Each structure stands twice: as structure tokens, then as C-alpha cells.
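Listing of final_25.pdb; format and content: PDB, C-alpha atoms, pLDDT in the B column.
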ATOM      1  CA  MET K  90       0.000   0.000   0.000  1.00 75.00           C
ATOM      2  CA  LEU K  91       1.636   3.195  -1.141  1.00 80.00           C
ATOM      3  CA  LEU K  92       0.917   6.266   0.952  1.00 91.00           C
ATOM      4  CA  LYS K  93       1.756   9.823  -0.042  1.00 94.00           C
ATOM      5  CA  LEU K  94       2.537  11.606   3.203  1.00 96.00           C
ATOM      6  CA  ASP K  95       3.296  15.308   3.462  1.00 96.00           C
ATOM      7  CA  PHE K  96       5.426  15.778   6.559  1.00 95.00           C
ATOM      8  CA  SER K  97       5.290  19.577   6.184  1.00 96.00           C
ATOM      9  CA  SER K  98       1.466  19.652   6.136  1.00 96.00           C
ATOM     10  CA  ASP K  99      -0.628  21.007   8.990  1.00 97.00           C
ATOM     11  CA  VAL K 100      -2.724  17.837   8.724  1.00 96.00           C
ATOM     12  CA  PRO K 101      -1.439  15.229  11.195  1.00 97.00           C
ATOM     13  CA  ILE K 102       0.122  12.137   9.609  1.00 97.00           C
ATOM     14  CA  TYR K 103      -2.457   9.771  11.137  1.00 97.00           C
ATOM     15  CA  LEU K 104      -5.245  11.845   9.526  1.00 97.00           C
ATOM     16  CA  GLN K 105      -3.461  11.830   6.173  1.00 97.00           C
ATOM     17  CA  ILE K 106      -3.342   8.030   6.390  1.00 97.00           C
ATOM     18  CA  ARG K 107      -6.996   7.835   7.414  1.00 97.00           C
ATOM     19  CA  ASN K 108      -8.045  10.172   4.597  1.00 95.00           C
ATOM     20  CA  GLN K 109      -6.067   8.273   1.957  1.00 96.00           C
ATOM     21  CA  ILE K 110      -7.595   4.961   3.017  1.00 96.00           C
ATOM     22  CA  VAL K 111     -11.124   6.431   2.944  1.00 93.00           C
ATOM     23  CA  MET K 112     -10.462   7.918  -0.516  1.00 91.00           C
ATOM     24  CA  GLY K 113      -8.973   4.596  -1.641  1.00 92.00           C
ATOM     25  CA  ILE K 114     -12.171   2.825  -0.631  1.00 91.00           C
ATOM     26  CA  ALA K 115     -14.325   5.445  -2.378  1.00 86.00           C
ATOM     27  CA  ASP K 116     -12.177   5.326  -5.532  1.00 85.00           C
ATOM     28  CA  GLY K 117     -12.278   1.540  -5.676  1.00 87.00           C
ATOM     29  CA  LYS K 118      -8.518   1.172  -5.117  1.00 91.00           C
ATOM     30  CA  LEU K 119      -9.349  -0.651  -1.874  1.00 93.00           C
ATOM     31  CA  SER K 120     -12.187  -3.150  -2.001  1.00 91.00           C
ATOM     32  CA  PRO K 121     -14.554  -4.232   0.766  1.00 91.00           C
ATOM     33  CA  GLY K 122     -13.066  -7.314   2.408  1.00 92.00           C
ATOM     34  CA  GLU K 123      -9.546  -6.495   1.217  1.00 95.00           C
ATOM     35  CA  ARG K 124      -6.789  -7.066   3.768  1.00 95.00           C
ATOM     36  CA  LEU K 125      -4.736  -4.054   4.837  1.00 96.00           C
ATOM     37  CA  PRO K 126      -1.062  -4.282   5.798  1.00 96.00           C
ATOM     38  CA  THR K 127      -0.284  -4.888   9.448  1.00 95.00           C
ATOM     39  CA  ILE K 128       0.427  -1.843  11.550  1.00 95.00           C
ATOM     40  CA  ARG K 129       4.130  -2.741  11.738  1.00 96.00           C
ATOM     41  CA  ALA K 130       4.436  -3.443   8.019  1.00 96.00           C
ATOM     42  CA  LEU K 131       2.770  -0.169   7.050  1.00 96.00           C
ATOM     43  CA  ALA K 132       4.874   1.780   9.563  1.00 96.00           C
ATOM     44  CA  ASN K 133       8.060   0.256   8.119  1.00 96.00           C
ATOM     45  CA  GLU K 134       6.934   0.914   4.537  1.00 94.00           C
ATOM     46  CA  ALA K 135       6.028   4.549   5.296  1.00 94.00           C
ATOM     47  CA  GLY K 136       8.993   5.130   7.581  1.00 94.00           C
ATOM     48  CA  ILE K 137       6.887   6.373  10.467  1.00 96.00           C
ATOM     49  CA  ASN K 138       6.144   5.420  14.065  1.00 97.00           C
ATOM     50  CA  VAL K 139       3.963   2.361  14.701  1.00 97.00           C
ATOM     51  CA  MET K 140       1.756   4.402  17.042  1.00 98.00           C
ATOM     52  CA  THR K 141       0.880   6.778  14.189  1.00 98.00           C
ATOM     53  CA  ILE K 142      -0.464   3.901  12.082  1.00 97.00           C
ATOM     54  CA  ASN K 143      -2.194   2.484  15.152  1.00 97.00           C
ATOM     55  CA  LYS K 144      -3.963   5.814  15.698  1.00 98.00           C
ATOM     56  CA  ALA K 145      -5.089   5.952  12.040  1.00 98.00           C
ATOM     57  CA  TYR K 146      -6.359   2.360  12.135  1.00 97.00           C
ATOM     58  CA  ALA K 147      -8.149   2.967  15.456  1.00 97.00           C
ATOM     59  CA  LEU K 148      -9.939   5.983  13.960  1.00 96.00           C
ATOM     60  CA  LEU K 149     -10.893   4.035  10.824  1.00 96.00           C
ATOM     61  CA  LYS K 150     -12.197   1.197  12.990  1.00 95.00           C
ATOM     62  CA  GLN K 151     -14.201   3.613  15.152  1.00 92.00           C
ATOM     63  CA  GLU K 152     -15.734   5.148  12.025  1.00 89.00           C
ATOM     64  CA  GLY K 153     -16.627   1.702  10.660  1.00 89.00           C
ATOM     65  CA  TYR K 154     -14.348   1.722   7.604  1.00 92.00           C
ATOM     66  CA  ILE K 155     -12.226  -1.208   8.743  1.00 95.00           C
ATOM     67  CA  LEU K 156     -12.553  -4.298  10.905  1.00 95.00           C
ATOM     68  CA  ALA K 157      -9.638  -5.514  12.981  1.00 92.00           C
ATOM     69  CA  ASP K 158      -9.112  -8.907  14.517  1.00 87.00           C
ATOM     70  CA  ARG K 159      -5.902 -10.198  16.091  1.00 86.00           C
ATOM     71  CA  LYS K 160      -6.254 -13.517  14.287  1.00 85.00           C
ATOM     72  CA  SER K 161      -7.405 -12.471  10.817  1.00 83.00           C
ATOM     73  CA  GLY K 162      -5.814  -9.007  10.653  1.00 92.00           C
ATOM     74  CA  THR K 163      -7.291  -5.772   9.397  1.00 96.00           C
ATOM     75  CA  ILE K 164      -9.708  -5.663   6.463  1.00 96.00           C
ATOM     76  CA  ILE K 165     -11.872  -3.088   4.730  1.00 95.00           C
ATOM     77  CA  ASN K 166     -15.361  -3.449   6.190  1.00 92.00           C
ATOM     78  CA  PRO K 167     -17.326  -5.651   3.743  1.00 90.00           C
ATOM     79  CA  ASP K 168     -20.513  -3.779   4.695  1.00 85.00           C
ATOM     80  CA  ILE K 169     -19.022  -0.335   4.007  1.00 80.00           C
ATOM     81  CA  ALA K 170     -20.918   0.263   0.772  1.00 67.00           C
ATOM     82  CA  LYS K 171     -24.437   0.777   2.060  1.00 64.00           C
ATOM     83  CA  PRO K 172     -26.331   2.602  -0.690  1.00 66.00           C
ATOM     84  CA  GLY K 173     -27.728   5.941   0.400  1.00 68.00           C
ATOM     85  CA  SER K 174     -26.352   5.911   3.936  1.00 69.00           C
ATOM     86  CA  ILE K 175     -24.523   9.005   5.167  1.00 76.00           C
ATOM     87  CA  THR K 176     -23.122   9.216   8.675  1.00 74.00           C
ATOM     88  CA  ASP K 177     -23.849  12.171  10.927  1.00 80.00           C
ATOM     89  CA  LYS K 178     -20.119  12.912  10.975  1.00 80.00           C
ATOM     90  CA  ALA K 179     -20.015  13.036   7.166  1.00 82.00           C
ATOM     91  CA  LYS K 180     -22.971  15.437   7.158  1.00 89.00           C
ATOM     92  CA  GLU K 181     -21.256  17.698   9.697  1.00 91.00           C
ATOM     93  CA  ASP K 182     -17.991  17.615   7.732  1.00 89.00           C
ATOM     94  CA  LEU K 183     -19.847  18.475   4.530  1.00 93.00           C
ATOM     95  CA  LYS K 184     -21.731  21.282   6.262  1.00 95.00           C
ATOM     96  CA  LEU K 185     -18.424  22.791   7.393  1.00 95.00           C
ATOM     97  CA  VAL K 186     -16.922  22.583   3.891  1.00 95.00           C
ATOM     98  CA  ILE K 187     -20.049  24.152   2.370  1.00 95.00           C
ATOM     99  CA  SER K 188     -19.887  26.967   4.926  1.00 96.00           C
ATOM    100  CA  GLU K 189     -16.250  27.630   4.044  1.00 96.00           C
ATOM    101  CA  ILE K 190     -17.072  27.635   0.329  1.00 96.00           C
ATOM    102  CA  LYS K 191     -19.989  30.029   0.896  1.00 96.00           C
ATOM    103  CA  LEU K 192     -17.693  32.377   2.812  1.00 96.00           C
ATOM    104  CA  ALA K 193     -15.332  32.288  -0.175  1.00 96.00           C
ATOM    105  CA  GLY K 194     -18.164  33.725  -2.284  1.00 97.00           C
ATOM    106  CA  VAL K 195     -18.857  30.635  -4.384  1.00 96.00           C
ATOM    107  CA  SER K 196     -22.426  30.401  -5.684  1.00 96.00           C
ATOM    108  CA  LYS K 197     -24.671  27.418  -4.989  1.00 96.00           C
ATOM    109  CA  GLU K 198     -24.715  26.559  -8.695  1.00 96.00           C
ATOM    110  CA  LYS K 199     -20.905  26.604  -8.916  1.00 97.00           C
ATOM    111  CA  LEU K 200     -20.650  24.462  -5.778  1.00 96.00           C
ATOM    112  CA  ILE K 201     -23.100  21.903  -7.158  1.00 96.00           C
ATOM    113  CA  HIS K 202     -21.187  21.826 -10.452  1.00 96.00           C
ATOM    114  CA  LEU K 203     -17.890  21.318  -8.596  1.00 94.00           C
ATOM    115  CA  CYS K 204     -19.406  18.561  -6.440  1.00 93.00           C
ATOM    116  CA  SER K 205     -20.704  16.844  -9.561  1.00 95.00           C
ATOM    117  CA  GLN K 206     -17.264  17.002 -11.191  1.00 93.00           C
ATOM    118  CA  LEU K 207     -15.511  15.630  -8.111  1.00 90.00           C
ATOM    119  CA  TYR K 208     -18.096  12.872  -7.709  1.00 88.00           C
ATOM    120  CA  ASP K 209     -17.643  11.886 -11.359  1.00 88.00           C
ATOM    121  CA  GLU K 210     -13.846  11.760 -10.856  1.00 85.00           C
ATOM    122  CA  THR K 211     -14.229   9.181  -8.101  1.00 78.00           C
ATOM    123  CA  GLU K 212     -16.609   7.158 -10.283  1.00 75.00           C
ATOM    124  CA  ALA K 213     -14.143   7.182 -13.188  1.00 63.00           C
ATOM    125  CA  LYS K 214     -11.415   5.609 -11.033  1.00 60.00           C
ATOM    126  CA  LYS K 215     -13.464   2.535 -10.117  1.00 56.00           C
TER     127      LYS K 215
END
Represent the supplied structure as C-alpha cells.
Amino acid sequence: MLLKLDFSSDVPIYLQIRNQIVMGIADGKLSPGERLPTIRALANEAGINVMTINKAYALLKQEGYILADRKSGTIINPDIAKPGSITDKAKEDLKLVISEIKLAGVSKEKLIHLCSQLYDETEAKK
């Protein structure tokens, strides 16, 4: 699993990992039921502390994106693709982004067009 980490970013490394895994699932690069690398293996591959990967995996598990078991390892949640379901957290995150975009003076029509483009980009990668 190849991660692109920006060590100079204001976004913490564990969040960058979490975000890339979520986007990988959405883009179809990671499939439901697919096994993820162990925490140690991913830490070695990325050249970062094991606790950083542990924190990212714990957050992903808490959010329901992954399932972890000491015997079978860590996998992408097979039930992750529930059509039409949006978590409360996702709604709050989206509301914040929309508020920021509104404050930047972007019209509703332009926002909807941008959302449509970005949605289509994720569909094209599957």
C-alpha cells in the first residue's frame, strides 16, 4: 500500500493516512473485504512510528471503515458500501466545507457543479 505523506502539512500524519484509506475505498482502489497491511508493516513501509499507524487504524475502525481482529488481521469493512447511507459525521464535515465555500463567495450553482465534477472523478477511477 503506497501512501503519499506530506510531513510539512498542517494535517497530522495519522489523519493523512486515514483520509487516503477512505479515498482509496471510495475510488475503488481498496475493495470491501480487502486485507490491509499490518500496523508494523505499514509503519516500516512509510517510515513512520507504529503508534501513528495504530492511531489511524483505530480511527478508521471507530468510524466503521475497517474491521480488525488479532487472528485475521485488518480488512476493509465488507458492509461499508451501504447505498444511500450518510453518517452524521459526514454530514457535519460536509456542512463545514459548504460553509467555508460560501464564505469564499462561491455560488450554490458553482458548488453543485464542482461537487458533480468531483463525484464523477471518483466514479471514473473505479
What lies within 9 Å of range 98-103 of chain K using all atoms listed in the file, ignoring chain neighbours under 3 positions off, as a PDB file with C-alpha atoms, keeping the file's coordinate frame?
ATOM      1  CA  LEU K  94       2.537  11.606   3.203  1.00 96.00           C
ATOM      2  CA  ASP K  95       3.296  15.308   3.462  1.00 96.00           C
ATOM      3  CA  ILE K 106      -3.342   8.030   6.390  1.00 97.00           C
ATOM      4  CA  ARG K 107      -6.996   7.835   7.414  1.00 97.00           C
ATOM      5  CA  ASN K 108      -8.045  10.172   4.597  1.00 95.00           C
ATOM      6  CA  ILE K 137       6.887   6.373  10.467  1.00 96.00           C
ATOM      7  CA  THR K 141       0.880   6.778  14.189  1.00 98.00           C
ATOM      8  CA  ILE K 142      -0.464   3.901  12.082  1.00 97.00           C
ATOM      9  CA  ASN K 143      -2.194   2.484  15.152  1.00 97.00           C
ATOM     10  CA  LYS K 144      -3.963   5.814  15.698  1.00 98.00           C
ATOM     11  CA  ALA K 145      -5.089   5.952  12.040  1.00 98.00           C
ATOM     12  CA  TYR K 146      -6.359   2.360  12.135  1.00 97.00           C
ATOM     13  CA  LEU K 148      -9.939   5.983  13.960  1.00 96.00           C
TER      14      LEU K 148
END
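Counting all atoms listed in the file, the residue from K:Gln109, K:Asn166, K:Ser161, K:Ser196 that sits nearest to Glu123 in chain K is K:Asn166.
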Practice problem: Tell me, in Å to one decimal, how far CA of Leu92 in chain K is from CA of Ile175 in chain K. | Solution: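 It comes out at 25.9 Å.
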Quiz item: From the set K:Pro126, K:Pro121, K:Gly113, K:Gly136, which residue has the shortest atom-to-atom contact distance to Thr211 in chain K, counting all atoms listed in the file?
Solution: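 Among the listed residues, K:Gly113 lies closest to Thr211 in chain K.
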Quiz item: In Å, with one decimal, what is the gap from CA of Ala157 in chain K to CA of Lys118 in chain K?
Solution: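 Spanning CA of Ala157 in chain K to CA of Lys118 in chain K is a straight-line distance of 19.3 Å.
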Self-check item: Pick from K:Gly122, K:Ser97, K:Leu91, K:Ala115 nearest to Leu207 in chain K, counting all atoms listed in the file
Solution: K:Ala115
Exercise. Just say which residues the PyMOL selection byres ((chain K and resi 125) around 9) picks in this file, as a list in words.
Key: Met90, Leu119, Glu123, Arg124, Pro126, Thr127, Ile128, Leu131, Ile155, Gly162, Thr163, Ile164 and Ile165 of chain K
Exercise. Measure the distance from CA of Lys160 in chain K to CA of Arg129 in chain K in Å and round it to one decimal.
Key: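 Interatomic distance, CA of Lys160 in chain K to CA of Arg129 in chain K: 15.2 Å.
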Quiz prompt | Ile201 in chain K environment, 12 Å, only C-alpha atoms, sequence neighbours closer than 6 positions dropped, as a PyMOL selection string | solution = chain K and resi 187+190-191+195+207-208
Quiz item: Of the residues K:Asn133, K:Asn138, K:Ser120, K:Thr176, which is the one nearest to Glu152 in chain K, using only C-alpha atoms?
Solution: K:Thr176
Quiz item: Which is closest to Glu212 in chain K among K:Glu181, K:Ile114, K:Arg159, K:Ala147, if we use all atoms listed in the file?
Solution: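 Smallest separation from Glu212 in chain K among the options: K:Ile114.
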